[in-house]
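Asks: Please find target.cif (mmCIF, C-alpha atoms and all ligand atoms) on the next line:
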data_structure
loop_
_atom_site.label_atom_id
_atom_site.label_comp_id
_atom_site.auth_asym_id
_atom_site.auth_seq_id
_atom_site.Cartn_x
_atom_site.Cartn_y
_atom_site.Cartn_z
CA MET F 161 14.63 1.96 5.64
CA LYS F 162 12.72 4.06 3.08
CA ILE F 163 9.56 2.69 1.47
CA LEU F 164 7.59 3.93 -1.54
CA ILE F 165 3.87 3.23 -1.88
CA VAL F 166 2.43 3.88 -5.36
CA GLY F 167 -1.18 5.13 -5.50
CA GLY F 168 -3.46 7.67 -3.87
CA GLY F 169 -6.61 5.91 -2.68
CA GLY F 170 -7.95 4.45 0.53
CA ARG F 171 -5.98 1.26 -0.05
CA GLU F 172 -2.72 3.20 -0.24
CA HIS F 173 -3.49 5.24 2.88
CA ALA F 174 -4.10 1.99 4.81
CA LEU F 175 -0.94 0.34 3.40
CA ALA F 176 1.20 3.42 4.17
CA TRP F 177 -0.26 3.74 7.70
CA LYS F 178 0.54 0.10 8.41
CA VAL F 179 4.03 0.21 6.89
CA ALA F 180 4.86 3.39 8.86
CA GLN F 181 4.26 1.42 12.08
CA SER F 182 7.23 -0.84 11.31
CA ASN F 183 10.30 -0.19 13.50
CA SER F 184 12.53 -0.84 10.50
CA VAL F 185 10.96 2.02 8.54
CA ASP F 186 12.28 5.60 8.70
CA MET F 187 10.11 7.19 6.01
CA VAL F 188 7.22 6.16 3.77
CA TYR F 189 6.74 8.09 0.53
CA VAL F 190 3.35 7.90 -1.17
CA ALA F 191 2.96 8.82 -4.85
CA PRO F 192 0.75 10.78 -5.14
CA GLY F 193 -1.08 10.06 -1.82
CA ASN F 194 -3.99 12.13 -0.50
CA ALA F 195 -4.78 14.48 2.40
CA GLY F 196 -4.82 11.50 4.77
CA THR F 197 -1.28 10.36 3.98
CA LEU F 198 -0.15 14.01 3.98
CA ASN F 199 -1.10 14.37 7.63
CA GLU F 200 0.42 11.12 8.98
CA LYS F 201 3.66 10.84 10.94
CA LYS F 202 6.59 9.27 9.03
CA ILE F 203 4.69 9.63 5.72
CA THR F 204 5.48 12.11 2.92
CA ASN F 205 3.49 12.63 -0.27
CA ILE F 206 5.35 13.08 -3.52
CA GLU F 207 3.80 14.68 -6.55
CA ILE F 208 4.19 11.86 -9.04
CA ASN F 209 1.27 10.19 -10.74
CA ALA F 210 0.86 6.43 -10.05
CA GLU F 211 1.11 5.75 -13.79
CA ASP F 212 4.30 7.74 -14.45
CA ILE F 213 6.63 4.74 -14.21
CA ASP F 214 9.75 6.60 -15.42
CA ALA F 215 9.41 9.35 -12.81
CA LEU F 216 8.67 6.80 -10.06
CA LYS F 217 11.75 4.78 -11.01
CA LYS F 218 13.97 7.88 -11.01
CA PHE F 219 12.60 8.89 -7.60
CA ALA F 220 13.23 5.40 -6.16
CA GLU F 221 16.80 5.41 -7.49
CA LYS F 222 17.57 8.93 -6.25
CA GLU F 223 16.14 8.30 -2.75
CA ALA F 224 17.60 4.76 -2.51
CA ILE F 225 14.14 3.31 -1.78
CA GLU F 226 14.56 -0.21 -0.42
CA LEU F 227 11.02 -1.46 -1.04
CA THR F 228 8.28 -0.20 -3.36
CA ILE F 229 4.72 -1.51 -2.96
CA ILE F 230 2.31 -0.96 -5.85
CA GLY F 231 -1.35 -0.27 -4.98
CA PRO F 232 -3.37 -0.03 -8.22
CA GLU F 233 -3.56 -2.38 -11.21
CA VAL F 234 -2.81 0.08 -14.03
CA PRO F 235 0.95 0.48 -13.37
CA LEU F 236 1.25 -3.28 -12.67
CA VAL F 237 -0.36 -4.22 -15.99
CA ALA F 238 1.87 -1.60 -17.67
CA GLY F 239 4.97 -3.37 -16.33
CA ILE F 240 6.19 -1.21 -13.42
CA VAL F 241 7.62 -4.24 -11.60
CA ASP F 242 9.63 -5.31 -14.67
CA GLN F 243 11.05 -1.79 -15.06
CA PHE F 244 11.99 -1.50 -11.39
CA GLN F 245 13.57 -4.96 -11.47
CA GLU F 246 15.65 -4.03 -14.53
CA ALA F 247 16.93 -1.05 -12.55
CA GLY F 248 17.86 -3.34 -9.64
CA LEU F 249 15.06 -1.98 -7.40
CA CYS F 250 13.01 -4.10 -5.03
CA CYS F 251 9.37 -3.78 -6.14
CA PHE F 252 6.56 -5.80 -4.58
CA GLY F 253 3.91 -6.90 -7.10
CA PRO F 254 3.47 -9.14 -10.14
CA THR F 255 5.31 -8.58 -13.42
CA ARG F 256 3.47 -7.44 -16.50
CA ALA F 257 3.17 -11.06 -17.72
CA ALA F 258 1.78 -12.22 -14.36
CA SER F 259 -0.60 -9.22 -14.05
CA MET F 260 -2.46 -10.54 -17.11
CA LEU F 261 -4.62 -12.47 -14.63
CA GLU F 262 -6.36 -9.14 -14.04
CA GLY F 263 -5.32 -7.29 -17.22
CA SER F 264 -7.17 -9.65 -19.57
CA LYS F 265 -10.31 -11.48 -18.53
CA SER F 266 -10.05 -13.79 -21.57
CA PHE F 267 -6.48 -14.70 -20.59
CA CYS F 268 -7.69 -15.37 -17.06
CA LYS F 269 -10.62 -17.56 -18.14
CA ASP F 270 -8.52 -19.60 -20.59
CA PHE F 271 -5.88 -20.04 -17.88
CA LEU F 272 -8.50 -21.25 -15.37
CA LYS F 273 -9.88 -23.72 -17.91
CA LYS F 274 -6.45 -25.04 -18.83
CA PHE F 275 -5.60 -25.75 -15.19
CA HIS F 276 -9.08 -27.09 -14.24
CA ILE F 277 -9.67 -24.32 -11.70
CA PRO F 278 -13.40 -23.90 -10.93
CA THR F 279 -15.05 -20.85 -12.54
CA ALA F 280 -18.25 -19.94 -14.43
CA GLU F 281 -18.70 -21.46 -17.93
CA TYR F 282 -17.82 -18.93 -20.63
CA GLU F 283 -17.10 -18.09 -24.26
CA ILE F 284 -14.91 -15.31 -25.72
CA PHE F 285 -16.07 -13.08 -28.60
CA THR F 286 -14.76 -10.31 -30.82
CA GLU F 287 -17.65 -10.38 -33.37
CA VAL F 288 -21.13 -9.02 -32.61
CA ASP F 289 -23.05 -11.65 -34.62
CA SER F 290 -21.49 -14.68 -33.00
CA ALA F 291 -21.88 -13.14 -29.53
CA ILE F 292 -25.59 -12.50 -30.18
CA ASN F 293 -26.10 -16.04 -31.52
CA TYR F 294 -24.51 -17.40 -28.36
CA ILE F 295 -26.77 -15.25 -26.14
CA LYS F 296 -29.80 -16.69 -27.90
CA SER F 297 -28.75 -20.19 -26.80
CA ARG F 298 -28.40 -19.20 -23.12
CA THR F 299 -30.85 -18.65 -20.29
CA MET F 300 -30.79 -15.21 -18.65
CA PRO F 301 -29.17 -13.63 -16.74
CA VAL F 302 -25.75 -13.77 -18.36
CA VAL F 303 -22.65 -11.87 -17.34
CA ILE F 304 -20.83 -9.84 -20.02
CA LYS F 305 -17.31 -8.61 -19.31
CA ALA F 306 -15.00 -6.28 -21.21
CA ASP F 307 -11.67 -8.07 -21.63
CA GLY F 308 -9.34 -5.28 -20.49
CA LEU F 309 -9.11 -2.97 -17.49
CA ALA F 310 -12.23 -0.85 -17.05
CA ALA F 311 -11.84 0.57 -13.53
CA GLY F 312 -14.44 -1.81 -12.11
CA LYS F 313 -17.10 -0.79 -14.64
CA GLY F 314 -16.59 -3.41 -17.34
CA VAL F 315 -18.98 -6.07 -15.99
CA VAL F 316 -22.68 -6.09 -16.90
CA ILE F 317 -25.18 -8.59 -15.55
CA ALA F 318 -27.80 -8.74 -18.31
CA HIS F 319 -31.24 -9.88 -17.15
CA SER F 320 -32.89 -9.93 -20.58
CA GLU F 321 -31.86 -10.80 -24.12
CA ASP F 322 -32.40 -7.14 -25.15
CA GLU F 323 -30.08 -5.89 -22.42
CA ALA F 324 -27.48 -8.49 -23.38
CA ILE F 325 -27.64 -7.51 -27.06
CA LYS F 326 -27.36 -3.79 -26.20
CA THR F 327 -24.33 -4.49 -24.02
CA ILE F 328 -22.66 -6.56 -26.72
CA ASN F 329 -23.20 -3.75 -29.24
CA ASP F 330 -21.95 -1.10 -26.79
CA MET F 331 -18.77 -3.04 -26.11
CA LEU F 332 -17.90 -4.63 -29.46
CA SER F 333 -19.12 -2.12 -32.02
CA GLY F 334 -19.54 0.97 -29.88
CA ASN F 335 -16.61 2.32 -27.98
CA LYS F 336 -17.98 2.32 -24.46
CA PHE F 337 -14.88 0.73 -22.97
CA GLY F 338 -12.39 1.64 -25.69
CA ASN F 339 -9.94 -1.13 -26.56
CA ALA F 340 -10.73 -2.89 -23.28
CA GLY F 341 -14.19 -3.78 -24.68
CA HIS F 342 -13.25 -4.93 -28.18
CA ARG F 343 -13.00 -8.47 -26.89
CA ILE F 344 -15.61 -9.73 -24.43
CA VAL F 345 -16.21 -12.71 -22.19
CA ILE F 346 -19.79 -13.92 -21.81
CA GLU F 347 -20.26 -16.18 -18.82
CA GLU F 348 -22.72 -18.09 -16.75
CA PHE F 349 -24.33 -16.18 -13.85
CA LEU F 350 -23.31 -17.73 -10.53
CA GLU F 351 -25.53 -17.51 -7.49
CA GLY F 352 -24.12 -17.50 -4.00
CA GLU F 353 -22.15 -15.26 -1.66
CA GLU F 354 -18.87 -13.56 -2.55
CA VAL F 355 -15.64 -13.53 -0.57
CA SER F 356 -12.39 -11.69 -1.21
CA TYR F 357 -9.50 -14.09 -0.63
CA ILE F 358 -6.13 -12.34 -0.76
CA VAL F 359 -2.70 -13.94 -0.42
CA ILE F 360 0.95 -12.91 -0.54
CA SER F 361 2.91 -14.98 -3.06
CA ASP F 362 6.65 -15.36 -3.67
CA GLY F 363 6.03 -17.32 -6.87
CA LYS F 364 6.00 -20.74 -5.19
CA ASN F 365 4.66 -20.34 -1.64
CA VAL F 366 1.66 -18.38 -0.50
CA LEU F 367 0.64 -16.81 2.77
CA PRO F 368 -3.13 -16.23 3.01
CA LEU F 369 -4.33 -13.01 4.62
CA ALA F 370 -7.58 -12.67 6.58
CA THR F 371 -10.74 -13.08 4.48
CA SER F 372 -13.03 -10.15 3.74
CA GLN F 373 -16.23 -9.22 1.95
CA ASP F 374 -16.82 -6.16 -0.21
CA HIS F 375 -20.15 -4.42 -0.95
CA LYS F 376 -19.90 -3.52 -4.64
CA ALA F 377 -23.40 -2.14 -5.30
CA ARG F 378 -23.98 1.55 -4.60
CA ASP F 379 -27.17 1.32 -2.53
CA ASP F 380 -28.44 -0.45 0.58
CA GLY F 381 -29.62 -4.01 -0.03
CA ASP F 382 -27.10 -4.47 -2.88
CA ILE F 383 -29.04 -2.49 -5.46
CA GLY F 384 -27.99 0.29 -7.84
CA PRO F 385 -24.95 0.33 -10.12
CA ASN F 386 -21.71 -1.48 -9.28
CA THR F 387 -18.96 0.68 -7.79
CA GLY F 388 -15.33 0.05 -6.85
CA GLY F 389 -16.71 -0.93 -3.42
CA MET F 390 -18.91 0.90 -0.88
CA GLY F 391 -17.56 -0.86 2.20
CA ALA F 392 -15.94 -4.06 3.40
CA TYR F 393 -15.44 -6.10 6.51
CA SER F 394 -13.05 -8.78 7.71
CA PRO F 395 -13.21 -11.68 8.41
CA ALA F 396 -16.00 -12.96 6.12
CA PRO F 397 -17.85 -15.80 7.89
CA VAL F 398 -19.13 -17.21 4.56
CA ALA F 399 -15.60 -18.60 4.14
CA ASP F 400 -15.39 -20.94 7.12
CA SER F 401 -12.22 -23.00 7.60
CA VAL F 402 -13.43 -25.71 5.18
CA ILE F 403 -14.18 -23.20 2.41
CA GLN F 404 -10.88 -21.38 3.05
CA GLN F 405 -8.97 -24.65 2.69
CA ARG F 406 -10.82 -25.43 -0.53
CA ILE F 407 -10.06 -21.97 -1.95
CA LEU F 408 -6.40 -22.46 -1.09
CA GLU F 409 -6.13 -25.97 -2.54
CA GLU F 410 -8.53 -25.75 -5.50
CA ILE F 411 -7.92 -22.14 -6.60
CA ILE F 412 -4.84 -20.40 -5.20
CA LEU F 413 -2.18 -23.13 -5.23
CA PRO F 414 -3.05 -24.43 -8.73
CA THR F 415 -2.99 -20.81 -9.96
CA ILE F 416 0.48 -20.12 -8.53
CA LYS F 417 1.78 -23.43 -9.90
CA GLY F 418 0.08 -22.92 -13.27
CA MET F 419 1.46 -19.39 -13.64
CA GLN F 420 4.96 -20.68 -12.87
CA SER F 421 4.65 -23.42 -15.50
CA GLU F 422 3.46 -20.81 -18.05
CA GLY F 423 6.61 -18.74 -17.46
CA ARG F 424 4.56 -16.05 -15.68
CA THR F 425 5.75 -16.57 -12.10
CA TYR F 426 3.32 -14.70 -9.83
CA THR F 427 4.69 -12.59 -6.94
CA GLY F 428 2.97 -9.95 -4.82
CA PHE F 429 -0.61 -9.75 -3.58
CA LEU F 430 -3.04 -12.04 -5.40
CA TYR F 431 -6.71 -11.30 -4.84
CA ALA F 432 -9.24 -13.98 -5.78
CA GLY F 433 -12.83 -12.75 -6.01
CA VAL F 434 -14.63 -16.00 -5.21
CA MET F 435 -18.30 -16.94 -5.38
CA VAL F 436 -19.22 -19.55 -2.80
CA THR F 437 -22.13 -21.03 -4.75
CA ASP F 438 -25.38 -22.03 -3.09
CA ASP F 439 -24.19 -25.65 -3.03
CA GLY F 440 -20.97 -24.63 -1.23
CA VAL F 441 -18.48 -24.75 -4.11
CA PRO F 442 -15.91 -21.91 -4.36
CA LYS F 443 -15.55 -20.63 -7.95
CA VAL F 444 -13.35 -17.81 -9.29
CA LEU F 445 -15.25 -14.67 -10.38
CA GLU F 446 -12.08 -12.75 -11.10
CA PHE F 447 -8.48 -12.31 -10.09
CA ASN F 448 -6.98 -8.97 -9.15
CA CYS F 449 -3.22 -8.54 -9.25
CA ARG F 450 -3.23 -6.25 -6.19
CA PHE F 451 -4.85 -5.67 -2.84
CA GLY F 452 -8.57 -4.82 -2.75
CA ASP F 453 -9.98 -1.37 -2.14
CA PRO F 454 -11.78 -1.09 0.32
CA GLU F 455 -10.83 -4.58 1.63
CA THR F 456 -7.33 -3.33 2.53
CA GLN F 457 -8.71 -0.90 5.13
CA PRO F 458 -10.40 -3.46 7.48
CA ILE F 459 -7.65 -6.01 6.85
CA MET F 460 -4.87 -3.54 7.79
CA MET F 461 -6.82 -2.58 10.94
CA ARG F 462 -6.61 -6.24 12.02
CA LEU F 463 -3.03 -7.01 10.91
CA LYS F 464 -0.61 -7.18 13.85
CA THR F 465 2.43 -8.55 11.99
CA ASP F 466 4.93 -6.16 10.37
CA LEU F 467 3.77 -5.83 6.73
CA VAL F 468 7.25 -4.82 5.55
CA SER F 469 8.77 -8.06 6.86
CA LEU F 470 6.09 -10.07 5.01
CA CYS F 471 6.77 -8.27 1.71
CA LEU F 472 10.55 -8.59 2.10
CA ALA F 473 10.19 -12.32 2.86
CA THR F 474 9.05 -12.85 -0.75
CA PHE F 475 12.42 -11.55 -1.98
CA ASP F 476 14.67 -13.65 0.29
CA ASP F 477 12.73 -16.91 -0.02
CA THR F 478 11.55 -16.99 3.59
CA LEU F 479 7.80 -16.58 3.06
CA ASN F 480 7.17 -20.20 4.09
CA GLU F 481 8.68 -19.42 7.52
CA CYS F 482 6.35 -16.43 8.10
CA HIS F 483 3.34 -16.44 10.37
CA ILE F 484 0.69 -13.71 10.55
CA ASP F 485 -0.97 -12.46 13.74
CA TRP F 486 -4.42 -10.90 13.54
CA ASP F 487 -6.47 -8.87 15.93
CA GLU F 488 -9.27 -11.35 16.72
CA ARG F 489 -11.80 -8.54 16.54
CA PRO F 490 -13.63 -8.02 13.24
CA ALA F 491 -13.28 -4.71 11.40
CA VAL F 492 -15.85 -2.87 9.30
CA GLY F 493 -14.99 -0.12 6.79
CA VAL F 494 -17.71 2.19 5.41
CA VAL F 495 -17.01 4.25 2.29
CA LEU F 496 -18.21 7.86 2.23
CA ALA F 497 -18.73 8.84 -1.41
CA SER F 498 -19.36 12.12 -3.22
CA SER F 499 -22.55 12.91 -5.14
CA GLY F 500 -22.65 11.43 -8.62
CA TYR F 501 -20.44 8.42 -7.78
CA PRO F 502 -19.90 6.02 -9.54
CA LEU F 503 -20.80 7.95 -12.73
CA SER F 504 -19.01 11.15 -11.77
CA ALA F 505 -17.35 12.76 -8.77
CA SER F 506 -17.89 16.21 -7.31
CA LYS F 507 -14.72 17.89 -6.07
CA GLY F 508 -13.63 20.75 -3.84
CA ASP F 509 -16.27 20.41 -1.07
CA ILE F 510 -14.91 21.11 2.42
CA ILE F 511 -15.01 18.05 4.71
CA ASN F 512 -15.96 18.85 8.31
CA GLY F 513 -15.42 16.69 11.36
CA LEU F 514 -12.09 15.04 10.59
CA ASP F 515 -10.14 16.93 13.27
CA SER F 516 -12.03 15.30 16.12
CA ASN F 517 -10.13 12.59 17.98
CA PHE F 518 -11.51 9.20 17.05
CA PRO F 519 -11.27 6.39 19.61
CA SER F 520 -8.30 4.04 19.06
CA HIS F 521 -10.58 1.37 17.55
CA THR F 522 -11.58 3.73 14.70
CA LYS F 523 -9.55 5.14 11.82
CA ALA F 524 -10.53 7.53 9.02
CA PHE F 525 -8.72 6.33 5.92
CA HIS F 526 -8.74 8.93 3.15
CA ALA F 527 -9.28 8.19 -0.56
CA GLY F 528 -10.35 11.10 -2.81
CA THR F 529 -9.26 13.98 -0.57
CA SER F 530 -6.82 16.85 -0.98
CA MET F 531 -5.79 20.06 0.80
CA MET F 532 -7.10 23.43 -0.39
CA ASP F 533 -6.29 26.64 1.50
CA GLY F 534 -5.44 24.63 4.62
CA LYS F 535 -8.73 22.70 4.54
CA ILE F 536 -9.42 19.06 3.64
CA VAL F 537 -11.68 18.90 0.58
CA THR F 538 -13.22 16.17 -1.58
CA ALA F 539 -11.21 15.15 -4.66
CA GLY F 540 -12.83 11.98 -5.99
CA GLY F 541 -15.78 9.59 -6.02
CA ARG F 542 -14.82 7.59 -2.97
CA VAL F 543 -13.77 10.17 -0.38
CA LEU F 544 -13.15 8.37 2.92
CA CYS F 545 -13.39 4.89 4.40
CA ILE F 546 -14.23 5.02 8.10
CA THR F 547 -12.99 1.76 9.57
CA ALA F 548 -13.52 0.41 13.08
CA LEU F 549 -12.83 -2.67 15.17
CA GLY F 550 -15.40 -4.16 17.56
CA ASN F 551 -15.96 -7.35 19.52
CA THR F 552 -18.55 -8.42 16.94
CA VAL F 553 -19.25 -7.26 13.38
CA GLY F 554 -22.33 -5.54 14.81
CA GLU F 555 -20.22 -3.59 17.31
CA ALA F 556 -17.56 -2.74 14.71
CA LYS F 557 -20.33 -1.45 12.44
CA LYS F 558 -21.76 0.67 15.26
CA ASN F 559 -18.31 2.13 16.01
CA ALA F 560 -17.81 3.04 12.34
CA TYR F 561 -21.24 4.68 11.97
CA ASP F 562 -20.81 6.54 15.29
CA ALA F 563 -17.66 8.17 13.86
CA ILE F 564 -19.44 8.92 10.57
CA SER F 565 -22.18 10.83 12.41
CA GLY F 566 -19.64 13.60 13.12
CA ILE F 567 -18.46 13.97 9.50
CA ASN F 568 -20.18 15.93 6.76
CA TYR F 569 -19.64 17.57 3.38
CA ASN F 570 -21.79 18.63 0.49
CA GLY F 571 -23.13 15.60 -1.39
CA MET F 572 -21.86 13.02 1.12
CA PHE F 573 -23.54 9.62 0.86
CA PHE F 574 -22.86 6.12 2.13
CA ARG F 575 -24.51 2.75 2.58
CA ASN F 576 -26.14 2.06 5.94
CA ASP F 577 -25.89 -1.72 5.86
CA ILE F 578 -22.19 -2.60 5.57
CA GLY F 579 -21.59 -6.01 7.14
CA TYR F 580 -25.25 -7.05 7.03
CA ARG F 581 -24.64 -10.64 5.99
CA ALA F 582 -22.22 -11.27 8.85
CA ILE F 583 -24.52 -9.47 11.29
CA GLN F 584 -27.46 -11.66 10.21
CA ARG F 585 -25.31 -14.68 11.07
CA GLU F 586 -24.44 -13.17 14.47
CA SER F 587 -28.06 -12.81 15.52
P1 LIG F 601 -15.53 -8.89 -11.66
O1 LIG F 601 -14.91 -7.55 -11.95
O2 LIG F 601 -15.32 -9.91 -12.72
O3 LIG F 601 -15.31 -9.41 -10.27
O4 LIG F 601 -17.09 -8.57 -11.57
C1 LIG F 601 -17.60 -7.58 -10.72
C2 LIG F 601 -18.75 -8.12 -9.95
O5 LIG F 601 -19.76 -8.63 -10.84
C3 LIG F 601 -18.41 -9.30 -9.04
O6 LIG F 601 -17.90 -8.91 -7.81
C4 LIG F 601 -19.76 -9.96 -8.91
O7 LIG F 601 -20.56 -9.29 -7.96
C5 LIG F 601 -20.36 -9.77 -10.26
N1 LIG F 601 -20.08 -10.95 -11.12
C6 LIG F 601 -19.02 -11.12 -11.93
N2 LIG F 601 -19.07 -12.33 -12.54
C7 LIG F 601 -20.18 -12.92 -12.10
C8 LIG F 601 -20.80 -14.19 -12.37
N3 LIG F 601 -20.28 -15.06 -13.24
N4 LIG F 601 -21.94 -14.49 -11.72
C9 LIG F 601 -22.50 -13.60 -10.86
N5 LIG F 601 -21.98 -12.40 -10.58
C10 LIG F 601 -20.83 -12.05 -11.19
N1 LIG F 602 -13.04 -4.00 -3.91
C1 LIG F 602 -12.88 -4.60 -5.17
C2 LIG F 602 -11.57 -4.38 -5.78
O1 LIG F 602 -10.63 -3.88 -5.16
O2 LIG F 602 -11.43 -4.72 -6.94
#
Just dump the structure as structure tokens.
Replies:
Amino acid sequence: MKILIVGGGGREHALAWKVAQSNSVDMVYVAPGNAGTLNEKKITNIEINAEDIDALKKFAEKEAIELTIIGPEVPLVAGIVDQFQEAGLCCFGPTRAASMLEGSKSFCKDFLKKFHIPTAEYEIFTEVDSAINYIKSRTMPVVIKADGLAAGKGVVIAHSEDEAIKTINDMLSGNKFGNAGHRIVIEEFLEGEEVSYIVISDGKNVLPLATSQDHKARDDGDIGPNTGGMGAYSPAPVADSVIQQRILEEIILPTIKGMQSEGRTYTGFLYAGVMVTDDGVPKVLEFNCRFGDPETQPIMMRLKTDLVSLCLATFDDTLNECHIDWDERPAVGVVLASSGYPLSASKGDIINGLDSNFPSHTKAFHAGTSMMDGKIVTAGGRVLCITALGNTVGEAKKNAYDAISGINYNGMFFRNDIGYRAIQRES
């Protein structure tokens, strides 16, 4: 069977690497992929941008691709699944209507309210004056979110009224986030610990994957600007079996049922960013209509079941018969970034140390990398995600950082404390 993976980040390298391990798979194409996917067995990069839906569809038709898996949110929100379906192609992911859970934060919040799914209190605004009046009635901090897709940068936690007012002006009357920011959600700040809870859905049934936790802030100790994610580990002990059951029953299942009743049947990966509040209540921070990056990397390291069979089960109505096997060992993934990230990304720096043989418990997943004159060079903000298994989170972390000590490039930086919350619990 031939598979197409759409995207070129660390998530897509991990998905392609896992899919290529399936006995039923002859070739995995990645569009556009990176230097990591280029150098894997049974994986071929194709030079098509992840947002060029027409070209992707033509490629899938010409190559008789039997399953396409979409990595990033932009093509999903633009309707790639609908277009593939119209062409009779099997495409794993939510339709454009279902992707609105991520594509519009105001849609998502109104949906959650309608179906009584726990989330932070909020109001939606398009006018500066009414947004500022609302701020004046709230205690700080408040969370201000651009409605549309903003590549992980559209959320501001405002600690003072002045900061809140500046953010409102930047989004609603300025053009900081373009159209995505011309409608905003202002919501209550929730305190607690976050967990990424990702499931596979066929529209009616869901199959939960292992839990994980991302580290969104750039610097050690969770300070500095938010990024797409500086590292992640799986499983996340904050979500014990009781919390996991509550997330499933109080968040995921009502969402799948609610989306079906709204005529927006949800299929594909559904990622709930959940805050487990200090009093132990799971509340939705956001939904993503795709797998997480970098959560995919540690989760794929632990997945023993054939990912292709799980995706295909959503098309032939057999998802409720599927069972997933996990490596019991935790996995930790540490992102190596390039200088300037998340504001900018330096490119073209030669990466040394990737040709050494890592132990079998460690894998270097590539993100922003490409080949130049036969050498692997940086090509984006997040460059690599070094991911390792270990008998404890502490050991997995040590394995990952041991591998990192042999890698270097100009401007390389990373966090030193990935997994710290789980490690604190271990000691
Ligand atoms: P989002 O893209 O909505 O998940 O927001 C990005 C990050 O901002 C989340 O992962 C949280 O760390 C933080 N965040 C978002 N909403 C809230 C909230 N209501 N309370 C506290 N932190 C939040
Ligand atoms: N790691 C956060 C995300 O994928 O949105």
Asks: Check the smallest atom-to-atom distance from each of F:Ile325, F:Ala174, F:Ala432, F:Ile292 to ligand LIG 601 (chain F) using only C-alpha atoms and all ligand atoms, then report the winner.
Replies: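 Smallest separation from ligand LIG 601 (chain F) among the options: F:Ala432.
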Asks: Go through F:Ile277, F:Ile230, F:Ile328, F:Leu249 and flag the residue nearest Pro414 (chain F), using only C-alpha atoms for the distances.
Replies: F:Ile277
Asks: Could you please give me, as a count of residues only, the residues of protein, DNA or RNA lying at most 9 Å from (-19.8, 17.6, 2.3) in the coordinate frame of the file, considering all atoms listed in the file?
Replies: 14
Asks: For ligand LIG 602 (chain F), return the neighbouring residues as a VMD selection string (distance at most 9 Å; all atoms listed in the file).
Replies: chain F and resid 171 232 311 to 312 356 373 to 376 387 to 392 431 433 447 to 448 450 to 456
Asks: Tell me which protein, DNA and RNA residues are within 9 Å of region 182-185 of chain F, counting all atoms listed in the file, leaving out same-chain ones fewer than 5 positions away, and put them as a VMD selection string.
Replies: chain F and resid 161 to 163 202 466 to 469
